[in-house]
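K.L.:
The structure file target-v7.cif (mmCIF, C-alpha atoms) is provided below.
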data_query
loop_
_atom_site.label_atom_id
_atom_site.label_comp_id
_atom_site.auth_asym_id
_atom_site.auth_seq_id
_atom_site.Cartn_x
_atom_site.Cartn_y
_atom_site.Cartn_z
CA MET A 177 -6.28 -10.82 17.48
CA ALA A 178 -6.32 -7.48 15.74
CA ASP A 179 -6.47 -4.53 18.14
CA PHE A 180 -5.82 -0.78 18.05
CA SER A 181 -2.33 -1.40 19.47
CA GLU A 182 -1.49 -3.31 16.28
CA ILE A 183 -2.32 -0.41 13.96
CA ILE A 184 1.05 0.99 12.89
CA ASP A 185 1.25 4.77 13.48
CA GLN A 186 -2.03 6.51 12.38
CA GLY A 187 -2.10 8.54 15.59
CA GLN A 188 -4.87 10.98 14.59
CA LEU A 189 -7.13 8.26 13.23
CA LYS A 190 -6.74 6.13 16.36
CA GLU A 191 -7.27 9.14 18.62
CA HIS A 192 -10.56 9.97 16.89
CA MET A 193 -11.85 6.40 17.15
CA GLN A 194 -10.72 6.08 20.77
CA ASN A 195 -12.47 9.32 21.74
CA ALA A 196 -15.63 8.16 19.99
CA LEU A 197 -15.59 4.88 21.91
CA LEU A 198 -14.87 6.52 25.27
CA ALA A 199 -17.55 9.20 24.87
CA ASP A 200 -19.96 6.82 23.13
CA LYS A 201 -20.41 9.43 20.41
CA ILE A 202 -20.30 7.40 17.23
CA SER A 203 -20.94 9.01 13.86
CA HIS A 204 -23.39 7.34 11.52
CA ALA A 205 -20.85 7.43 8.66
CA TYR A 206 -17.07 7.40 8.18
CA ILE A 207 -14.80 7.44 5.15
CA ILE A 208 -11.39 5.85 5.68
CA SER A 209 -9.20 6.93 2.78
CA GLY A 210 -5.75 5.69 1.85
CA GLU A 211 -3.84 3.98 -0.92
CA VAL A 212 -4.31 0.33 -1.76
CA GLY A 213 -2.61 -1.81 0.88
CA SER A 214 -2.52 0.88 3.55
CA GLY A 215 -4.66 -1.16 5.97
CA LYS A 216 -8.07 0.52 5.65
CA GLU A 217 -10.11 -2.64 6.09
CA PHE A 218 -7.86 -3.82 8.92
CA VAL A 219 -8.64 -0.57 10.79
CA ALA A 220 -12.35 -0.70 9.95
CA ARG A 221 -12.74 -4.20 11.36
CA ILE A 222 -10.89 -3.32 14.56
CA PHE A 223 -13.23 -0.36 15.04
CA ALA A 224 -16.32 -2.43 14.19
CA LYS A 225 -15.28 -5.17 16.63
CA ALA A 226 -14.75 -2.61 19.41
CA LEU A 227 -18.11 -0.96 18.67
CA GLN A 228 -19.93 -4.26 19.08
CA CYS A 229 -17.93 -5.60 22.03
CA GLU A 230 -20.01 -6.41 25.13
CA SER A 231 -17.19 -5.75 27.58
CA ARG A 232 -14.47 -3.37 26.39
CA GLU A 233 -11.26 -3.13 28.41
CA GLU A 234 -8.16 -1.00 28.70
CA ARG A 235 -5.00 -2.56 27.25
CA ASP A 236 -1.70 -0.98 26.26
CA GLY A 237 -3.19 2.50 26.62
CA TYR A 238 -6.17 1.82 24.33
CA THR A 239 -9.83 1.07 24.80
CA GLU A 240 -10.00 -2.33 23.13
CA ALA A 241 -12.50 -5.05 22.37
CA CYS A 242 -12.22 -7.86 24.92
CA ASN A 243 -11.84 -10.52 22.19
CA THR A 244 -13.60 -13.08 24.41
CA CYS A 245 -17.29 -12.12 24.52
CA PRO A 246 -19.72 -13.77 22.05
CA SER A 247 -19.82 -10.60 19.92
CA CYS A 248 -16.02 -10.44 19.61
CA ILE A 249 -15.74 -14.14 18.79
CA LYS A 250 -18.25 -13.70 15.97
CA ALA A 251 -16.45 -10.60 14.72
CA LEU A 252 -13.14 -12.44 14.72
CA ASN A 253 -14.73 -15.27 12.74
CA ASP A 254 -16.36 -12.85 10.25
CA SER A 255 -19.77 -14.21 11.27
CA HIS A 256 -21.24 -11.27 13.22
CA PRO A 257 -24.80 -10.64 11.97
CA ASP A 258 -24.51 -6.91 12.71
CA ILE A 259 -21.18 -6.35 10.91
CA ILE A 260 -22.06 -6.44 7.23
CA THR A 261 -19.63 -6.14 4.31
CA ILE A 262 -21.15 -4.78 1.10
CA THR A 263 -20.01 -6.98 -1.79
CA HIS A 264 -20.65 -6.46 -5.50
CA GLU A 265 -20.97 -8.82 -8.43
CA LYS A 266 -19.31 -6.62 -11.04
CA PRO A 267 -15.59 -6.32 -10.23
CA GLY A 268 -15.29 -2.82 -11.70
CA SER A 269 -18.25 -1.12 -10.07
CA ILE A 270 -20.67 -1.08 -7.15
CA GLY A 271 -24.09 -0.63 -8.71
CA VAL A 272 -27.27 0.95 -7.43
CA ASP A 273 -28.86 -2.46 -6.81
CA ASP A 274 -25.92 -3.46 -4.57
CA ILE A 275 -26.52 -0.44 -2.35
CA ARG A 276 -30.32 -0.65 -2.43
CA GLN A 277 -30.57 -4.35 -1.64
CA LYS A 278 -27.64 -4.79 0.74
CA LEU A 279 -27.74 -1.49 2.58
CA ARG A 280 -30.63 0.91 1.96
CA ASP A 281 -33.37 -1.76 2.23
CA ASP A 282 -31.54 -3.53 5.05
CA VAL A 283 -31.03 -0.59 7.42
CA VAL A 284 -34.70 -0.55 8.35
CA ILE A 285 -34.14 -3.88 10.12
CA LYS A 286 -32.85 -3.23 13.64
CA PRO A 287 -29.64 -4.90 14.87
CA TYR A 288 -30.07 -8.57 15.63
CA GLU A 289 -28.07 -8.64 18.84
CA SER A 290 -25.92 -5.50 19.19
CA LYS A 291 -26.33 -1.79 19.84
CA HIS A 292 -25.04 -0.91 16.38
CA LYS A 293 -25.44 -2.23 12.88
CA VAL A 294 -22.14 -1.68 11.05
CA TYR A 295 -21.86 -1.64 7.26
CA ILE A 296 -18.38 -1.78 5.70
CA ILE A 297 -18.08 -0.78 2.02
CA PRO A 298 -14.65 -1.76 0.59
CA GLU A 299 -13.53 -0.06 -2.65
CA GLY A 300 -16.10 2.67 -2.14
CA GLU A 301 -14.71 4.64 -5.07
CA LYS A 302 -16.30 2.02 -7.34
CA MET A 303 -19.82 3.17 -6.46
CA THR A 304 -21.60 4.50 -9.54
CA PRO A 305 -23.28 7.93 -9.31
CA ALA A 306 -26.63 6.14 -9.00
CA ALA A 307 -25.28 3.96 -6.18
CA GLN A 308 -23.94 7.04 -4.39
CA ASN A 309 -27.31 8.75 -4.68
CA ALA A 310 -28.99 5.65 -3.23
CA LEU A 311 -26.53 5.73 -0.33
CA LEU A 312 -27.11 9.45 0.12
CA LYS A 313 -30.77 8.85 0.96
CA THR A 314 -29.68 6.70 3.90
CA LEU A 315 -27.02 9.20 4.99
CA GLU A 316 -29.59 12.01 5.01
CA GLU A 317 -31.97 10.16 7.36
CA PRO A 318 -29.94 7.45 9.08
CA PRO A 319 -31.44 5.23 11.76
CA SER A 320 -29.77 5.89 15.11
CA TYR A 321 -28.16 2.46 15.27
CA ILE A 322 -26.30 2.33 11.93
CA VAL A 323 -22.60 2.99 11.33
CA ILE A 324 -21.44 3.03 7.71
CA ILE A 325 -17.69 2.76 7.09
CA ILE A 326 -16.68 3.51 3.50
CA LEU A 327 -13.17 2.50 2.45
CA THR A 328 -11.55 4.19 -0.52
CA SER A 329 -8.28 4.75 -2.34
CA ASN A 330 -9.75 7.75 -4.19
CA ILE A 331 -11.89 10.12 -2.16
CA ASN A 332 -12.27 12.37 -5.20
CA ALA A 333 -14.56 9.75 -6.72
CA PHE A 334 -17.35 10.66 -4.29
CA LEU A 335 -20.10 13.21 -4.61
CA GLN A 336 -19.45 16.18 -2.36
CA THR A 337 -22.79 15.53 -0.69
CA ILE A 338 -21.51 12.09 0.39
CA ILE A 339 -18.26 13.50 1.79
CA SER A 340 -20.05 16.28 3.69
CA ARG A 341 -22.17 13.74 5.57
CA CYS A 342 -19.25 11.55 6.65
CA ILE A 343 -16.29 11.93 8.99
CA VAL A 344 -13.21 11.54 6.80
CA LEU A 345 -10.28 9.70 8.39
CA PRO A 346 -7.21 9.64 6.12
CA MET A 347 -4.60 6.89 6.44
CA LYS A 348 -1.18 8.53 6.50
CA PRO A 349 2.08 6.86 5.44
CA ALA A 350 3.61 4.91 8.31
CA GLN A 351 7.16 5.68 9.39
CA ASP A 352 9.88 3.41 7.99
CA ASP A 353 11.18 2.67 11.49
CA SER A 354 7.70 1.65 12.66
CA ILE A 355 7.24 -0.70 9.71
CA LYS A 356 10.72 -2.16 10.17
CA LYS A 357 10.07 -2.79 13.87
CA TYR A 358 6.74 -4.47 13.09
CA LEU A 359 8.28 -6.73 10.42
CA MET A 360 11.11 -7.77 12.73
CA GLU A 361 9.04 -8.29 15.89
CA GLU A 362 5.76 -9.64 14.52
CA CYS A 363 6.84 -11.32 11.28
CA GLN A 364 10.38 -12.42 12.24
CA VAL A 365 11.91 -10.72 9.20
CA VAL A 366 15.69 -10.22 9.46
CA ASP A 367 16.83 -6.63 10.01
CA TYR A 368 18.35 -5.83 6.59
CA LYS A 369 15.34 -7.25 4.74
CA ALA A 370 12.90 -5.43 7.05
CA MET A 371 14.68 -2.14 6.33
CA LEU A 372 14.62 -2.86 2.59
CA CYS A 373 10.89 -3.66 2.58
CA ALA A 374 10.05 -0.62 4.71
CA SER A 375 12.02 1.67 2.40
CA PHE A 376 10.35 0.34 -0.74
CA ALA A 377 6.86 0.39 0.78
CA ARG A 378 6.95 4.20 1.22
CA GLY A 379 4.73 4.10 4.27
CA ASN A 380 2.36 1.44 2.93
CA VAL A 381 2.21 -1.35 5.51
CA GLY A 382 0.40 -3.75 3.20
CA LYS A 383 3.08 -3.40 0.53
CA ALA A 384 5.82 -3.92 3.12
CA LEU A 385 4.18 -7.14 4.28
CA GLU A 386 3.82 -8.30 0.67
CA LEU A 387 7.45 -7.56 -0.13
CA ALA A 388 8.64 -9.33 3.01
CA SER A 389 6.81 -12.53 2.11
CA ASN A 390 7.30 -12.45 -1.65
CA GLU A 391 10.22 -14.19 -3.34
CA ARG A 392 9.31 -12.35 -6.56
CA PHE A 393 10.63 -9.08 -5.17
CA GLU A 394 13.83 -10.62 -3.81
CA ASN A 395 14.51 -12.27 -7.17
CA LEU A 396 13.70 -9.07 -9.05
CA LYS A 397 16.08 -7.08 -6.86
CA ASP A 398 18.96 -9.51 -7.39
CA SER A 399 18.32 -9.83 -11.14
CA THR A 400 18.02 -6.06 -11.62
CA ILE A 401 21.30 -5.34 -9.89
CA ASP A 402 22.93 -8.22 -11.76
CA LEU A 403 21.77 -6.68 -15.06
CA ILE A 404 23.25 -3.28 -14.17
CA SER A 405 26.53 -4.87 -13.11
CA LYS A 406 26.86 -6.57 -16.52
CA LEU A 407 25.88 -3.63 -18.73
CA GLU A 408 29.48 -3.02 -19.84
CA ARG A 409 29.76 -6.30 -21.73
CA LEU A 410 26.20 -6.56 -23.06
CA GLU A 411 24.94 -5.35 -26.43
CA ILE A 412 21.67 -3.43 -26.45
CA HIS A 413 19.64 -6.37 -27.80
CA ASP A 414 20.99 -8.57 -24.97
CA ILE A 415 20.14 -5.87 -22.44
CA MET A 416 16.56 -5.61 -23.71
CA ASP A 417 16.09 -9.38 -23.83
CA ARG A 418 17.17 -9.63 -20.20
CA LEU A 419 14.96 -6.67 -19.27
CA HIS A 420 11.88 -8.23 -20.88
CA ALA A 421 12.54 -11.44 -18.98
CA LEU A 422 12.78 -9.44 -15.75
CA LEU A 423 9.57 -7.52 -16.31
CA ALA A 424 7.51 -10.40 -17.70
CA PRO A 425 4.37 -11.31 -15.75
CA LEU A 426 4.39 -14.36 -13.55
CA GLU A 427 3.41 -17.48 -15.46
CA GLU A 428 -0.09 -17.64 -13.94
CA GLU A 429 -0.70 -13.96 -14.81
CA ALA A 430 0.78 -13.99 -18.32
CA LYS A 431 -2.49 -14.77 -20.10
CA THR A 432 -4.18 -11.56 -18.94
CA ALA A 433 -1.14 -9.24 -18.90
CA LYS A 434 -0.70 -6.51 -21.51
CA LYS A 435 2.40 -5.83 -23.61
CA GLY A 436 4.32 -8.62 -21.90
CA ILE A 437 5.17 -6.41 -18.90
CA ASP A 438 3.84 -6.76 -15.38
CA PRO A 439 3.15 -3.22 -14.05
CA LYS A 440 4.11 -4.32 -10.55
CA ASN A 441 7.46 -5.65 -11.79
CA PHE A 442 8.05 -2.43 -13.72
CA GLU A 443 7.35 -0.16 -10.74
CA ASP A 444 9.53 -2.25 -8.44
CA PHE A 445 12.28 -2.39 -11.09
CA MET A 446 12.37 1.42 -11.29
CA ASP A 447 12.32 1.73 -7.50
CA ILE A 448 15.21 -0.75 -7.20
CA LEU A 449 17.29 1.28 -9.65
CA ILE A 450 16.59 4.58 -7.93
CA PHE A 451 17.35 3.23 -4.46
CA LEU A 452 20.50 1.50 -5.77
CA PHE A 453 21.99 4.70 -7.15
CA ARG A 454 20.91 6.71 -4.12
CA ASP A 455 22.80 4.15 -2.04
CA MET A 456 25.82 4.81 -4.23
CA LEU A 457 25.53 8.55 -3.60
CA VAL A 458 25.31 7.98 0.15
CA TYR A 459 28.25 5.61 0.17
CA LYS A 460 30.39 7.90 -1.98
CA ALA A 461 29.73 10.74 0.47
CA THR A 462 30.22 8.79 3.71
CA GLU A 463 31.91 5.44 2.93
CA ASN A 464 29.64 4.19 5.71
CA PRO A 465 27.42 1.17 4.93
CA ASP A 466 25.16 1.74 7.95
CA HIS A 467 22.79 4.02 6.03
CA LEU A 468 22.46 1.87 2.92
CA ILE A 469 19.25 0.13 1.89
CA PHE A 470 21.02 -2.55 -0.17
CA THR A 471 23.48 -3.55 2.52
CA ASP A 472 23.79 -6.99 0.93
CA LYS A 473 25.17 -5.35 -2.25
CA LEU A 474 27.93 -3.37 -0.51
CA SER A 475 30.75 -4.91 -2.56
CA TYR A 476 29.16 -3.87 -5.87
CA ILE A 477 28.21 -0.41 -4.57
CA ARG A 478 31.79 0.16 -3.42
CA SER A 479 33.24 -0.96 -6.77
CA VAL A 480 31.06 1.51 -8.72
CA THR A 481 31.50 4.52 -6.44
CA VAL A 482 35.29 4.28 -6.68
CA ASN A 483 35.10 5.03 -10.40
CA ILE A 484 32.27 7.55 -10.81
CA SER A 485 31.71 11.16 -9.78
CA TYR A 486 28.89 12.62 -7.69
CA GLU A 487 27.76 14.57 -10.72
CA LYS A 488 27.37 11.46 -12.86
CA LEU A 489 25.50 9.60 -10.13
CA ASN A 490 23.10 12.53 -9.91
CA GLU A 491 22.73 12.49 -13.68
CA ILE A 492 21.80 8.79 -13.55
CA ILE A 493 19.07 9.49 -10.98
CA LYS A 494 17.73 12.37 -13.09
CA THR A 495 17.72 10.08 -16.14
CA MET A 496 15.65 7.50 -14.28
CA ASP A 497 13.19 10.11 -13.02
CA GLN A 498 12.78 11.42 -16.58
CA ALA A 499 12.23 7.88 -17.88
CA ARG A 500 9.48 7.23 -15.34
CA ASN A 501 7.78 10.53 -16.18
CA ARG A 502 7.89 9.77 -19.90
CA ILE A 503 6.40 6.33 -19.39
CA ASN A 504 3.64 7.85 -17.22
CA SER A 505 2.98 10.17 -20.18
CA ASN A 506 2.43 7.10 -22.40
CA VAL A 507 5.69 7.32 -24.35
CA ASN A 508 6.76 3.91 -25.74
CA ILE A 509 7.99 1.98 -22.71
CA ASP A 510 10.58 -0.13 -24.60
CA LEU A 511 12.16 2.92 -26.21
CA VAL A 512 12.32 4.85 -22.93
CA LEU A 513 13.88 1.96 -21.01
CA GLU A 514 16.37 1.27 -23.81
CA LEU A 515 17.56 4.89 -23.81
CA MET A 516 17.69 4.93 -20.01
CA LEU A 517 19.86 1.80 -19.79
CA ILE A 518 22.19 3.01 -22.56
CA ALA A 519 22.64 6.25 -20.61
CA ILE A 520 23.33 4.39 -17.34
CA LYS A 521 25.86 2.21 -19.14
CA GLY A 522 27.64 5.29 -20.45
CA TYR A 523 27.71 7.05 -17.10
CA ILE A 524 29.10 4.05 -15.22
CA TYR A 525 31.61 2.68 -17.70
CA ASP A 526 32.83 5.77 -19.61
CA LYS A 527 36.39 6.30 -18.36
CA SER A 528 35.94 10.07 -18.49
CA ASN A 529 33.40 9.76 -15.67
CA ARG A 530 35.91 8.33 -13.23
CA ARG A 531 37.05 10.27 -10.24
#
Turn the structure described in the file into structure tokens.
P.N.:
Amino acid sequence: MADFSEIIDQGQLKEHMQNALLADKISHAYIISGEVGSGKEFVARIFAKALQCESREERDGYTEACNTCPSCIKALNDSHPDIITITHEKPGSIGVDDIRQKLRDDVVIKPYESKHKVYIIPEGEKMTPAAQNALLKTLEEPPSYIVIIILTSNINAFLQTIISRCIVLPMKPAQDDSIKKYLMEECQVVDYKAMLCASFARGNVGKALELASNERFENLKDSTIDLISKLERLEIHDIMDRLHALLAPLEEEAKTAKKGIDPKNFEDFMDILIFLFRDMLVYKATENPDHLIFTDKLSYIRSVTVNISYEKLNEIIKTMDQARNRINSNVNIDLVLELMLIAIKGYIYDKSNRR
């Protein structure tokens, strides 16, 4: 049962919602902003459930929904008539008719059984200018009982007049330790894997959960490090063939993928490389495995750091950062990755680099 106590970090956001519940001073409109996977809808539904609860109670230091009254049971089953999610037929946009029919024309109808009528708009950044203007008319003269919660990964997509009429609650990156603790305690993920997923998620709880439950990432990690460990005896065409196999879309996604590369695989591949060589820097400086992310690759990390200087490890990391920047600037991805891997091969296996 999702409660405020289960929201990882987000102290300011929770404090605002808790104060609103305690004082019974609820705004007519909120924008919860944060990157994809940060938990915006999770938070919105906890807040909506608490707003509609018939008998709130204090638990674990929070004012929480009771989870047992008829309103809470309906909210938990996604069947509450006064908690409405705005859906849209076109995947790429929320049109003016979506907002008019499902929100603007509906708000005139009073709540069926609760004090509030809560509208949740996922992917709010997809609202067209016309849809935003239709929403604005409701925001300018809202009925006293409505609460609109707009979720977005891009607050800059909104008209300033929309933003000015909403309370903006940003989702901030969660702490690695908080994510690791959650994965270990709530998802029974082993400690080294929980630390790995937390590090790669960069504060995004949704991504950490995905990584923890996804064999794709584990396989990509092992295959990427295996490729780097074999660079010395591979010709460039062999390297690129292996790389394309690594970055290929999953079979069920291959039909719609572009250029034979899955963007998610590519981003994770680059992250794996950067974290791998940062681990090498840490181990070369401390010879202590306790602070490594790839603790399961200690033997390989130790073997490389014996034969390479700090300067060359730093050069490798700079090379990878440059490669990512070039690809983001639309330089040919194959050429950039080929040059990057040739450079890494030279830095690791050139005898003049050894120290």
K.L.:
Enumerate, as number ranges by chain, the residues matched when the PyMOL selection byres ((chain A and resi 178) around 10) is run on the file above.
P.N.:
A: 177, 179-183, 218-219, 221-223, 225, 240-241, 243, 252
K.L.:
Taking the file above as input, evaluate the PyMOL selection byres ((chain A and resi 319-322) around 12) and report the hits as a VMD selection string.
P.N.:
chain A and resid 201 to 206 224 227 to 228 258 to 260 279 to 296 313 to 318 323 to 325
K.L.:
Selection from above, C-alpha atoms, as a short mmCIF file (atom, residue, chain, number, x, y, z; two decimals), in the frame of the given file, can you write it?
P.N.:
data_model
loop_
_atom_site.label_atom_id
_atom_site.label_comp_id
_atom_site.auth_asym_id
_atom_site.auth_seq_id
_atom_site.Cartn_x
_atom_site.Cartn_y
_atom_site.Cartn_z
CA LYS A 201 -20.41 9.43 20.41
CA ILE A 202 -20.30 7.40 17.23
CA SER A 203 -20.94 9.01 13.86
CA HIS A 204 -23.39 7.34 11.52
CA ALA A 205 -20.85 7.43 8.66
CA TYR A 206 -17.07 7.40 8.18
CA ALA A 224 -16.32 -2.43 14.19
CA LEU A 227 -18.11 -0.96 18.67
CA GLN A 228 -19.93 -4.26 19.08
CA ASP A 258 -24.51 -6.91 12.71
CA ILE A 259 -21.18 -6.35 10.91
CA ILE A 260 -22.06 -6.44 7.23
CA LEU A 279 -27.74 -1.49 2.58
CA ARG A 280 -30.63 0.91 1.96
CA ASP A 281 -33.37 -1.76 2.23
CA ASP A 282 -31.54 -3.53 5.05
CA VAL A 283 -31.03 -0.59 7.42
CA VAL A 284 -34.70 -0.55 8.35
CA ILE A 285 -34.14 -3.88 10.12
CA LYS A 286 -32.85 -3.23 13.64
CA PRO A 287 -29.64 -4.90 14.87
CA TYR A 288 -30.07 -8.57 15.63
CA GLU A 289 -28.07 -8.64 18.84
CA SER A 290 -25.92 -5.50 19.19
CA LYS A 291 -26.33 -1.79 19.84
CA HIS A 292 -25.04 -0.91 16.38
CA LYS A 293 -25.44 -2.23 12.88
CA VAL A 294 -22.14 -1.68 11.05
CA TYR A 295 -21.86 -1.64 7.26
CA ILE A 296 -18.38 -1.78 5.70
CA LYS A 313 -30.77 8.85 0.96
CA THR A 314 -29.68 6.70 3.90
CA LEU A 315 -27.02 9.20 4.99
CA GLU A 316 -29.59 12.01 5.01
CA GLU A 317 -31.97 10.16 7.36
CA PRO A 318 -29.94 7.45 9.08
CA VAL A 323 -22.60 2.99 11.33
CA ILE A 324 -21.44 3.03 7.71
CA ILE A 325 -17.69 2.76 7.09
#
K.L.:
Write out, as a Markdown table, each residue of range 426-502 of chain A that has an atom at most 10 Å from range 399-413 of chain A, together with the closest pair of atoms and their distance in Å to one decimal, counting all atoms listed in the file, rows going by chain and rising number.
P.N.:
| residue | atom | partner | partner_atom | distance |
| --- | --- | --- | --- | --- |
| A:Asp444 | CA | A:Thr400 | CA | 9.8 |
| A:Phe445 | CA | A:Thr400 | CA | 6.8 |
| A:Met446 | CA | A:Thr400 | CA | 9.4 |
| A:Ile448 | CA | A:Thr400 | CA | 7.5 |
| A:Leu449 | CA | A:Thr400 | CA | 7.6 |
| A:Leu452 | CA | A:Ile401 | CA | 8.0 |
| A:Lys473 | CA | A:Ile401 | CA | 8.6 |
| A:Tyr476 | CA | A:Ser405 | CA | 7.8 |
| A:Ile477 | CA | A:Ser405 | CA | 9.8 |
| A:Val480 | CA | A:Ser405 | CA | 9.0 |
K.L.:
When distances are computed from only C-alpha atoms, which of A:Ser389, A:Tyr358, A:Asn504, A:Ile524 shows the smallest separation from Met456 in chain A?
P.N.:
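Among A:Ser389, A:Tyr358, A:Asn504, A:Ile524, it is A:Ile524 that comes nearest to Met456 in chain A.
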K.L.:
Selection in question (the file shown): the PyMOL selection byres ((chain A and resi 271-273) around 12). Which residues does it include, as number ranges by chain?
P.N.:
A: 262-270, 274-281, 300-312
K.L.:
Given only C-alpha atoms as the basis, pick out the residue of A:Lys440, A:His467, A:Lys356, A:Arg454 nearest to Ile184 in chain A.
P.N.:
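For Ile184 in chain A, the nearest of the candidates is A:Lys356.
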K.L.:
Quick one: residues within 10 Å of (-11.1, 4.0, 25.3) (file frame), counting all atoms listed in the file, please, as JSON, numbers by chain.
P.N.:
{"A": [191, 193, 194, 195, 196, 197, 198, 199, 200, 226, 232, 233, 234, 235, 237, 238, 239, 240, 241]}
K.L.:
Which residue out of A:His192, A:Lys521, A:Arg478, A:Lys216 has the minimum interatomic distance to Met347 in chain A when only C-alpha atoms are used?
P.N.:
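Of all the options, A:Lys216 lies closest to Met347 in chain A.
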K.L.:
So, with all atoms listed in the file as the atoms that count, which of A:Ala333, A:Leu423, A:Ile509, A:Ala377 lies closest to Arg392 in chain A?
P.N.:
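Going through A:Ala333, A:Leu423, A:Ile509, A:Ala377 one by one, the smallest distance to Arg392 in chain A is for A:Leu423.
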K.L.:
Give me the residues near Tyr459 in chain A as an mmCIF file with C-alpha atoms, in the coordinates of the input, where near means some atom within 8 Å (using all atoms listed in the file) and where sequence neighbours in that chain fewer than 3 positions away do not count.
P.N.:
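part_37.cif, freshly written:
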data_model
loop_
_atom_site.group_PDB
_atom_site.id
_atom_site.type_symbol
_atom_site.label_atom_id
_atom_site.label_comp_id
_atom_site.auth_asym_id
_atom_site.auth_seq_id
_atom_site.Cartn_x
_atom_site.Cartn_y
_atom_site.Cartn_z
ATOM 1 C CA ASP A 455 22.800 4.150 -2.040
ATOM 2 C CA MET A 456 25.820 4.810 -4.230
ATOM 3 C CA THR A 462 30.220 8.790 3.710
ATOM 4 C CA GLU A 463 31.910 5.440 2.930
ATOM 5 C CA ASN A 464 29.640 4.190 5.710
ATOM 6 C CA PRO A 465 27.420 1.170 4.930
ATOM 7 C CA LEU A 468 22.460 1.870 2.920
ATOM 8 C CA ILE A 477 28.210 -0.410 -4.570
ATOM 9 C CA ARG A 478 31.790 0.160 -3.420
ATOM 10 C CA THR A 481 31.500 4.520 -6.440
#
K.L.:
Could you tell me which of A:Phe393, A:Phe334, A:Tyr486, A:Tyr523 comes closest to Asp447 in chain A if we count only C-alpha atoms?
P.N.:
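Checking each of A:Phe393, A:Phe334, A:Tyr486, A:Tyr523 against Asp447 in chain A, counting only C-alpha atoms, the winner is A:Phe393.
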K.L.:
Which is closest to Ile297 in chain A among A:Ser209, A:Ser375, A:Ser354, A:Ser340, if we use only C-alpha atoms?
P.N.:
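So, comparing all the options, the nearest one is A:Ser209.
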K.L.:
Go ahead and compute the interatomic distance for CA of Ile469 in chain A and CA of Phe453 in chain A, in Å to one decimal.
P.N.:
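Those two atoms sit 10.5 Å apart.
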K.L.:
What does the distance between CA of Ala374 in chain A and CA of Leu457 in chain A come to in Å, to one decimal place?
P.N.:
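Going from CA of Ala374 in chain A over to CA of Leu457 in chain A, I get 19.8 Å.
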K.L.:
Would you compute the distance between CA of Pro346 in chain A and CA of Ile249 in chain A? Give it in Å to one decimal.
P.N.:
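Interatomic distance, CA of Pro346 in chain A to CA of Ile249 in chain A: 28.3 Å.
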K.L.:
Can you sort out the box for range 519-522 of chain A, edges along x, y and z, all listed atoms in, 3 Å on every side, with centre and edge lengths in Å to one decimal, as AutoDock Vina command-line options?
P.N.:
--center_x 25.1 --center_y 4.2 --center_z -19.0 --size_x 11.0 --size_y 10.0 --size_z 9.3
